[in-house]
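Student: What follows is final32.cif; its format and atoms are mmCIF, N, CA, C and O atoms.
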data_protein
loop_
_atom_site.group_PDB
_atom_site.id
_atom_site.type_symbol
_atom_site.label_atom_id
_atom_site.label_comp_id
_atom_site.auth_asym_id
_atom_site.auth_seq_id
_atom_site.Cartn_x
_atom_site.Cartn_y
_atom_site.Cartn_z
ATOM 1 N N MET A 1 -33.683 18.906 -27.676
ATOM 2 C CA MET A 1 -32.340 19.211 -27.241
ATOM 3 C C MET A 1 -31.672 17.904 -26.835
ATOM 4 O O MET A 1 -32.246 17.102 -26.115
ATOM 5 N N TYR A 2 -30.471 17.702 -27.327
ATOM 6 C CA TYR A 2 -29.700 16.526 -26.934
ATOM 7 C C TYR A 2 -28.252 16.948 -26.725
ATOM 8 O O TYR A 2 -27.764 17.877 -27.356
ATOM 9 N N TRP A 3 -27.611 16.289 -25.800
ATOM 10 C CA TRP A 3 -26.206 16.563 -25.501
ATOM 11 C C TRP A 3 -25.411 15.278 -25.618
ATOM 12 O O TRP A 3 -25.894 14.205 -25.292
ATOM 13 N N THR A 4 -24.187 15.424 -26.047
ATOM 14 C CA THR A 4 -23.207 14.344 -26.027
ATOM 15 C C THR A 4 -21.980 14.867 -25.310
ATOM 16 O O THR A 4 -21.848 16.080 -25.101
ATOM 17 N N LEU A 5 -21.076 13.981 -24.960
ATOM 18 C CA LEU A 5 -19.844 14.435 -24.304
ATOM 19 C C LEU A 5 -19.069 15.390 -25.211
ATOM 20 O O LEU A 5 -18.502 16.375 -24.749
ATOM 21 N N GLU A 6 -19.049 15.079 -26.501
ATOM 22 C CA GLU A 6 -18.321 15.929 -27.437
ATOM 23 C C GLU A 6 -18.925 17.331 -27.493
ATOM 24 O O GLU A 6 -18.203 18.327 -27.475
ATOM 25 N N LEU A 7 -20.244 17.419 -27.555
ATOM 26 C CA LEU A 7 -20.897 18.725 -27.593
ATOM 27 C C LEU A 7 -20.690 19.482 -26.287
ATOM 28 O O LEU A 7 -20.338 20.665 -26.295
ATOM 29 N N ALA A 8 -20.876 18.806 -25.174
ATOM 30 C CA ALA A 8 -20.726 19.454 -23.874
ATOM 31 C C ALA A 8 -19.287 19.904 -23.631
ATOM 32 O O ALA A 8 -19.058 20.929 -22.995
ATOM 33 N N SER A 9 -18.326 19.163 -24.167
ATOM 34 C CA SER A 9 -16.921 19.529 -23.951
ATOM 35 C C SER A 9 -16.569 20.852 -24.606
ATOM 36 O O SER A 9 -15.609 21.503 -24.205
ATOM 37 N N SER A 10 -17.350 21.285 -25.580
ATOM 38 C CA SER A 10 -17.071 22.579 -26.210
ATOM 39 C C SER A 10 -17.399 23.732 -25.264
ATOM 40 O O SER A 10 -17.026 24.874 -25.521
ATOM 41 N N LEU A 11 -18.071 23.446 -24.154
ATOM 42 C CA LEU A 11 -18.374 24.468 -23.150
ATOM 43 C C LEU A 11 -17.491 24.348 -21.913
ATOM 44 O O LEU A 11 -17.721 25.041 -20.929
ATOM 45 N N ASP A 12 -16.486 23.486 -21.959
ATOM 46 C CA ASP A 12 -15.606 23.290 -20.795
ATOM 47 C C ASP A 12 -14.966 24.592 -20.325
ATOM 48 O O ASP A 12 -14.847 24.830 -19.127
ATOM 49 N N ASP A 13 -14.537 25.419 -21.248
ATOM 50 C CA ASP A 13 -13.845 26.660 -20.889
ATOM 51 C C ASP A 13 -14.758 27.874 -20.916
ATOM 52 O O ASP A 13 -14.278 29.011 -20.928
ATOM 53 N N ALA A 14 -16.063 27.642 -20.928
ATOM 54 C CA ALA A 14 -17.028 28.752 -20.938
ATOM 55 C C ALA A 14 -16.874 29.576 -19.661
ATOM 56 O O ALA A 14 -16.417 29.065 -18.634
ATOM 57 N N PRO A 15 -17.234 30.834 -19.723
ATOM 58 C CA PRO A 15 -17.084 31.712 -18.548
ATOM 59 C C PRO A 15 -18.184 31.485 -17.523
ATOM 60 O O PRO A 15 -19.114 32.267 -17.397
ATOM 61 N N TRP A 16 -18.105 30.362 -16.800
ATOM 62 C CA TRP A 16 -19.119 30.040 -15.783
ATOM 63 C C TRP A 16 -18.944 30.949 -14.595
ATOM 64 O O TRP A 16 -17.815 31.252 -14.232
ATOM 65 N N PRO A 17 -19.958 31.378 -13.924
ATOM 66 C CA PRO A 17 -21.374 31.284 -14.259
ATOM 67 C C PRO A 17 -21.703 32.204 -15.430
ATOM 68 O O PRO A 17 -21.062 33.236 -15.629
ATOM 69 N N ALA A 18 -22.743 31.811 -16.191
ATOM 70 C CA ALA A 18 -23.102 32.567 -17.386
ATOM 71 C C ALA A 18 -24.594 32.447 -17.667
ATOM 72 O O ALA A 18 -25.230 31.469 -17.286
ATOM 73 N N THR A 19 -25.111 33.450 -18.349
ATOM 74 C CA THR A 19 -26.507 33.413 -18.784
ATOM 75 C C THR A 19 -26.588 32.692 -20.122
ATOM 76 O O THR A 19 -25.563 32.410 -20.758
ATOM 77 N N LYS A 20 -27.798 32.442 -20.551
ATOM 78 C CA LYS A 20 -28.033 31.795 -21.840
ATOM 79 C C LYS A 20 -27.356 32.582 -22.962
ATOM 80 O O LYS A 20 -26.651 32.012 -23.802
ATOM 81 N N GLU A 21 -27.550 33.889 -22.985
ATOM 82 C CA GLU A 21 -26.975 34.725 -24.049
ATOM 83 C C GLU A 21 -25.449 34.716 -24.007
ATOM 84 O O GLU A 21 -24.795 34.702 -25.053
ATOM 85 N N GLU A 22 -24.874 34.731 -22.813
ATOM 86 C CA GLU A 22 -23.413 34.681 -22.689
ATOM 87 C C GLU A 22 -22.867 33.361 -23.209
ATOM 88 O O GLU A 22 -21.820 33.324 -23.864
ATOM 89 N N LEU A 23 -23.578 32.274 -22.930
ATOM 90 C CA LEU A 23 -23.133 30.961 -23.406
ATOM 91 C C LEU A 23 -23.245 30.862 -24.928
ATOM 92 O O LEU A 23 -22.352 30.320 -25.586
ATOM 93 N N ILE A 24 -24.318 31.398 -25.491
ATOM 94 C CA ILE A 24 -24.468 31.403 -26.951
ATOM 95 C C ILE A 24 -23.360 32.236 -27.584
ATOM 96 O O ILE A 24 -22.750 31.824 -28.579
ATOM 97 N N ASP A 25 -23.078 33.390 -27.009
ATOM 98 C CA ASP A 25 -21.997 34.241 -27.512
ATOM 99 C C ASP A 25 -20.656 33.518 -27.449
ATOM 100 O O ASP A 25 -19.876 33.534 -28.398
ATOM 101 N N TYR A 26 -20.392 32.858 -26.315
ATOM 102 C CA TYR A 26 -19.137 32.101 -26.170
ATOM 103 C C TYR A 26 -19.051 30.990 -27.210
ATOM 104 O O TYR A 26 -18.013 30.797 -27.834
ATOM 105 N N ALA A 27 -20.148 30.256 -27.392
ATOM 106 C CA ALA A 27 -20.155 29.151 -28.355
ATOM 107 C C ALA A 27 -19.885 29.669 -29.774
ATOM 108 O O ALA A 27 -19.134 29.052 -30.533
ATOM 109 N N ASN A 28 -20.473 30.800 -30.122
ATOM 110 C CA ASN A 28 -20.223 31.386 -31.443
ATOM 111 C C ASN A 28 -18.761 31.795 -31.608
ATOM 112 O O ASN A 28 -18.139 31.513 -32.626
ATOM 113 N N ARG A 29 -18.221 32.479 -30.608
ATOM 114 C CA ARG A 29 -16.834 32.971 -30.692
ATOM 115 C C ARG A 29 -15.809 31.848 -30.673
ATOM 116 O O ARG A 29 -14.756 31.961 -31.277
ATOM 117 N N SER A 30 -16.129 30.747 -29.979
ATOM 118 C CA SER A 30 -15.151 29.665 -29.854
ATOM 119 C C SER A 30 -15.261 28.635 -30.981
ATOM 120 O O SER A 30 -14.489 27.682 -31.015
ATOM 121 N N GLY A 31 -16.228 28.825 -31.873
ATOM 122 C CA GLY A 31 -16.358 27.893 -32.992
ATOM 123 C C GLY A 31 -16.978 26.567 -32.607
ATOM 124 O O GLY A 31 -16.672 25.532 -33.208
ATOM 125 N N ALA A 32 -17.855 26.587 -31.624
ATOM 126 C CA ALA A 32 -18.534 25.354 -31.196
ATOM 127 C C ALA A 32 -19.423 24.839 -32.323
ATOM 128 O O ALA A 32 -19.885 25.615 -33.162
ATOM 129 N N PRO A 33 -19.681 23.540 -32.345
ATOM 130 C CA PRO A 33 -20.579 22.981 -33.368
ATOM 131 C C PRO A 33 -21.962 23.643 -33.315
ATOM 132 O O PRO A 33 -22.416 24.084 -32.266
ATOM 133 N N GLU A 34 -22.603 23.692 -34.453
ATOM 134 C CA GLU A 34 -23.933 24.313 -34.562
ATOM 135 C C GLU A 34 -24.932 23.675 -33.594
ATOM 136 O O GLU A 34 -25.816 24.359 -33.064
ATOM 137 N N GLU A 35 -24.784 22.382 -33.327
ATOM 138 C CA GLU A 35 -25.698 21.695 -32.413
ATOM 139 C C GLU A 35 -25.638 22.286 -31.004
ATOM 140 O O GLU A 35 -26.642 22.331 -30.299
ATOM 141 N N VAL A 36 -24.451 22.731 -30.587
ATOM 142 C CA VAL A 36 -24.299 23.335 -29.259
ATOM 143 C C VAL A 36 -25.105 24.626 -29.200
ATOM 144 O O VAL A 36 -25.852 24.872 -28.250
ATOM 145 N N ILE A 37 -24.973 25.436 -30.227
ATOM 146 C CA ILE A 37 -25.698 26.713 -30.270
ATOM 147 C C ILE A 37 -27.204 26.462 -30.300
ATOM 148 O O ILE A 37 -27.966 27.123 -29.589
ATOM 149 N N GLU A 38 -27.637 25.486 -31.086
ATOM 150 C CA GLU A 38 -29.061 25.151 -31.143
ATOM 151 C C GLU A 38 -29.563 24.679 -29.783
ATOM 152 O O GLU A 38 -30.651 25.072 -29.353
ATOM 153 N N ASN A 39 -28.787 23.849 -29.100
ATOM 154 C CA ASN A 39 -29.174 23.376 -27.770
ATOM 155 C C ASN A 39 -29.291 24.539 -26.793
ATOM 156 O O ASN A 39 -30.220 24.597 -25.985
ATOM 157 N N LEU A 40 -28.346 25.455 -26.845
ATOM 158 C CA LEU A 40 -28.386 26.595 -25.941
ATOM 159 C C LEU A 40 -29.581 27.489 -26.242
ATOM 160 O O LEU A 40 -30.207 28.026 -25.328
ATOM 161 N N GLN A 41 -29.930 27.644 -27.504
ATOM 162 C CA GLN A 41 -31.079 28.472 -27.871
ATOM 163 C C GLN A 41 -32.388 27.865 -27.381
ATOM 164 O O GLN A 41 -33.358 28.581 -27.167
ATOM 165 N N GLU A 42 -32.413 26.555 -27.184
ATOM 166 C CA GLU A 42 -33.614 25.879 -26.708
ATOM 167 C C GLU A 42 -33.804 25.982 -25.198
ATOM 168 O O GLU A 42 -34.856 25.597 -24.687
ATOM 169 N N LEU A 43 -32.815 26.510 -24.482
ATOM 170 C CA LEU A 43 -32.961 26.670 -23.035
ATOM 171 C C LEU A 43 -34.135 27.599 -22.762
ATOM 172 O O LEU A 43 -34.297 28.630 -23.419
ATOM 173 N N GLU A 44 -34.951 27.246 -21.787
ATOM 174 C CA GLU A 44 -36.182 27.992 -21.516
ATOM 175 C C GLU A 44 -35.953 29.275 -20.731
ATOM 176 O O GLU A 44 -36.581 30.291 -21.003
ATOM 177 N N GLU A 45 -35.084 29.236 -19.765
ATOM 178 C CA GLU A 45 -34.885 30.385 -18.888
ATOM 179 C C GLU A 45 -33.972 31.416 -19.546
ATOM 180 O O GLU A 45 -32.788 31.168 -19.763
ATOM 181 N N GLU A 46 -34.530 32.571 -19.839
ATOM 182 C CA GLU A 46 -33.787 33.610 -20.554
ATOM 183 C C GLU A 46 -32.736 34.287 -19.672
ATOM 184 O O GLU A 46 -31.627 34.530 -20.100
ATOM 185 N N ASN A 47 -33.083 34.597 -18.427
ATOM 186 C CA ASN A 47 -32.177 35.366 -17.566
ATOM 187 C C ASN A 47 -31.543 34.540 -16.452
ATOM 188 O O ASN A 47 -30.894 35.090 -15.581
ATOM 189 N N GLU A 48 -31.742 33.243 -16.464
ATOM 190 C CA GLU A 48 -31.157 32.387 -15.428
ATOM 191 C C GLU A 48 -29.643 32.344 -15.591
ATOM 192 O O GLU A 48 -29.120 32.341 -16.701
ATOM 193 N N VAL A 49 -28.954 32.305 -14.468
ATOM 194 C CA VAL A 49 -27.503 32.179 -14.482
ATOM 195 C C VAL A 49 -27.163 30.717 -14.240
ATOM 196 O O VAL A 49 -27.563 30.134 -13.240
ATOM 197 N N TYR A 50 -26.443 30.128 -15.167
ATOM 198 C CA TYR A 50 -26.031 28.731 -15.078
ATOM 199 C C TYR A 50 -24.638 28.674 -14.477
ATOM 200 O O TYR A 50 -23.725 29.358 -14.933
ATOM 201 N N GLU A 51 -24.495 27.862 -13.442
ATOM 202 C CA GLU A 51 -23.222 27.756 -12.733
ATOM 203 C C GLU A 51 -22.236 26.829 -13.443
ATOM 204 O O GLU A 51 -21.029 27.003 -13.321
ATOM 205 N N SER A 52 -22.754 25.817 -14.149
ATOM 206 C CA SER A 52 -21.886 24.853 -14.829
ATOM 207 C C SER A 52 -22.713 24.076 -15.842
ATOM 208 O O SER A 52 -23.927 24.241 -15.922
ATOM 209 N N ILE A 53 -22.051 23.209 -16.598
ATOM 210 C CA ILE A 53 -22.746 22.397 -17.595
ATOM 211 C C ILE A 53 -23.783 21.493 -16.928
ATOM 212 O O ILE A 53 -24.790 21.144 -17.543
ATOM 213 N N GLU A 54 -23.578 21.138 -15.665
ATOM 214 C CA GLU A 54 -24.540 20.294 -14.970
ATOM 215 C C GLU A 54 -25.901 20.975 -14.815
ATOM 216 O O GLU A 54 -26.919 20.303 -14.714
ATOM 217 N N ASP A 55 -25.923 22.303 -14.784
ATOM 218 C CA ASP A 55 -27.190 23.027 -14.715
ATOM 219 C C ASP A 55 -27.959 22.916 -16.027
ATOM 220 O O ASP A 55 -29.179 23.014 -16.038
ATOM 221 N N ILE A 56 -27.246 22.734 -17.109
ATOM 222 C CA ILE A 56 -27.861 22.632 -18.433
ATOM 223 C C ILE A 56 -28.170 21.182 -18.767
ATOM 224 O O ILE A 56 -29.233 20.860 -19.288
ATOM 225 N N TRP A 57 -27.220 20.309 -18.480
ATOM 226 C CA TRP A 57 -27.357 18.873 -18.767
ATOM 227 C C TRP A 57 -27.163 18.114 -17.459
ATOM 228 O O TRP A 57 -26.040 17.751 -17.095
ATOM 229 N N PRO A 58 -28.246 17.875 -16.717
ATOM 230 C CA PRO A 58 -28.124 17.238 -15.388
ATOM 231 C C PRO A 58 -27.452 15.867 -15.409
ATOM 232 O O PRO A 58 -26.878 15.455 -14.410
ATOM 233 N N ASP A 59 -27.514 15.172 -16.525
ATOM 234 C CA ASP A 59 -26.903 13.844 -16.610
ATOM 235 C C ASP A 59 -25.451 13.890 -17.060
ATOM 236 O O ASP A 59 -24.875 12.855 -17.396
ATOM 237 N N TYR A 60 -24.847 15.072 -17.067
ATOM 238 C CA TYR A 60 -23.458 15.202 -17.503
ATOM 239 C C TYR A 60 -22.575 14.320 -16.632
ATOM 240 O O TYR A 60 -22.591 14.425 -15.406
ATOM 241 N N PRO A 61 -21.829 13.416 -17.254
ATOM 242 C CA PRO A 61 -20.977 12.515 -16.453
ATOM 243 C C PRO A 61 -19.811 13.275 -15.826
ATOM 244 O O PRO A 61 -19.164 14.078 -16.480
ATOM 245 N N THR A 62 -19.587 13.001 -14.564
ATOM 246 C CA THR A 62 -18.471 13.625 -13.869
ATOM 247 C C THR A 62 -17.265 12.698 -13.902
ATOM 248 O O THR A 62 -17.364 11.542 -14.313
ATOM 249 N N LYS A 63 -16.147 13.193 -13.428
ATOM 250 C CA LYS A 63 -14.940 12.365 -13.390
ATOM 251 C C LYS A 63 -15.158 11.126 -12.533
ATOM 252 O O LYS A 63 -14.601 10.079 -12.788
ATOM 253 N N GLU A 64 -16.005 11.256 -11.514
ATOM 254 C CA GLU A 64 -16.283 10.111 -10.643
ATOM 255 C C GLU A 64 -17.001 8.999 -11.392
ATOM 256 O O GLU A 64 -16.874 7.829 -11.053
ATOM 257 N N ASP A 65 -17.752 9.353 -12.443
ATOM 258 C CA ASP A 65 -18.454 8.336 -13.230
ATOM 259 C C ASP A 65 -17.475 7.441 -13.986
ATOM 260 O O ASP A 65 -17.815 6.329 -14.358
ATOM 261 N N PHE A 66 -16.276 7.940 -14.224
ATOM 262 C CA PHE A 66 -15.283 7.179 -14.970
ATOM 263 C C PHE A 66 -14.253 6.522 -14.065
ATOM 264 O O PHE A 66 -13.328 5.882 -14.512
ATOM 265 N N PHE A 67 -14.401 6.690 -12.759
ATOM 266 C CA PHE A 67 -13.440 6.142 -11.802
ATOM 267 C C PHE A 67 -13.671 4.653 -11.613
ATOM 268 O O PHE A 67 -14.786 4.193 -11.507
ATOM 269 N N TRP A 68 -12.608 3.925 -11.603
ATOM 270 C CA TRP A 68 -12.702 2.501 -11.266
ATOM 271 C C TRP A 68 -11.675 2.237 -10.170
ATOM 272 O O TRP A 68 -10.730 2.976 -9.989
ATOM 273 N N ASN A 69 -11.911 1.191 -9.465
ATOM 274 C CA ASN A 69 -11.064 0.855 -8.342
ATOM 275 C C ASN A 69 -9.789 0.191 -8.873
ATOM 276 O O ASN A 69 -9.783 -0.968 -9.270
ATOM 277 N N GLU A 70 -8.684 0.940 -8.883
ATOM 278 C CA GLU A 70 -7.422 0.429 -9.395
ATOM 279 C C GLU A 70 -6.897 -0.728 -8.571
ATOM 280 O O GLU A 70 -6.137 -1.552 -9.059
ATOM 281 N N GLU A 71 -7.285 -0.805 -7.308
ATOM 282 C CA GLU A 71 -6.798 -1.868 -6.441
ATOM 283 C C GLU A 71 -7.349 -3.228 -6.846
ATOM 284 O O GLU A 71 -6.791 -4.254 -6.477
ATOM 285 N N GLU A 72 -8.440 -3.235 -7.622
ATOM 286 C CA GLU A 72 -9.005 -4.512 -8.071
ATOM 287 C C GLU A 72 -8.148 -5.169 -9.141
ATOM 288 O O GLU A 72 -8.259 -6.353 -9.368
ATOM 289 N N TYR A 73 -7.294 -4.401 -9.782
ATOM 290 C CA TYR A 73 -6.505 -4.945 -10.903
ATOM 291 C C TYR A 73 -5.050 -5.093 -10.577
ATOM 292 O O TYR A 73 -4.372 -4.418 -10.037
#
Show me the file's structure as structure tokens.

Tutor:
Amino acid sequence: MYWTLELASSLDDAPWPATKEELIDYANRSGAPEEVIENLQELEEENEVYESIEDIWPDYPTKEDFFWNEEEY
């Protein structure tokens, strides 16, 4: 399983919190890339409820990761 920002962004509007099956259903209905569906199918926990993409991809960059100190420039 691998994630990229582009793949993860296809789940931005997913109905969080959601189960694995709900996320797969959403990805299918929204036309997400096949890699997203494959990644979701590889999730181990069948009945776990995921609160956000961070539960699936712990290294998901947040907005704070892209913040720079504007006062320096």

Student: Identify all residues of chain A in helix (DSSP H, G or I) (DSSP on the backbone) and supply them as a VMD selection string.

Tutor: chain A and resid 5 to 9 20 to 30 34 to 41 53 to 56 63 to 66 70 to 72

Student: Just how far from atom N of Pro17 (chain A) is atom C of Glu46 (chain A), in Å to one decimal?

Tutor: 14.3 Å

Student: Tell me which of A:Leu23, A:Tyr2, A:Arg29, A:Ala18 sits closest to Tyr50 (chain A), counting all atoms listed in the file.

Tutor: A:Ala18

Student: I want to know what sits within 7 Å of Lys20 (chain A), based on all atoms listed in the file, with residues of the same chain fewer than 3 positions away left out; could you give that as a ChimeraX atom specification?

Tutor: /A:23-26,40-41,45-50

Student: Name all residues at most 7 Å from Ser10 (chain A) (count all atoms listed in the file; drop same-chain ones fewer than 3 positions away) and give them as a PyMOL selection string.

Tutor: chain A and resi 4-7+13-14+26-27+30+32-33
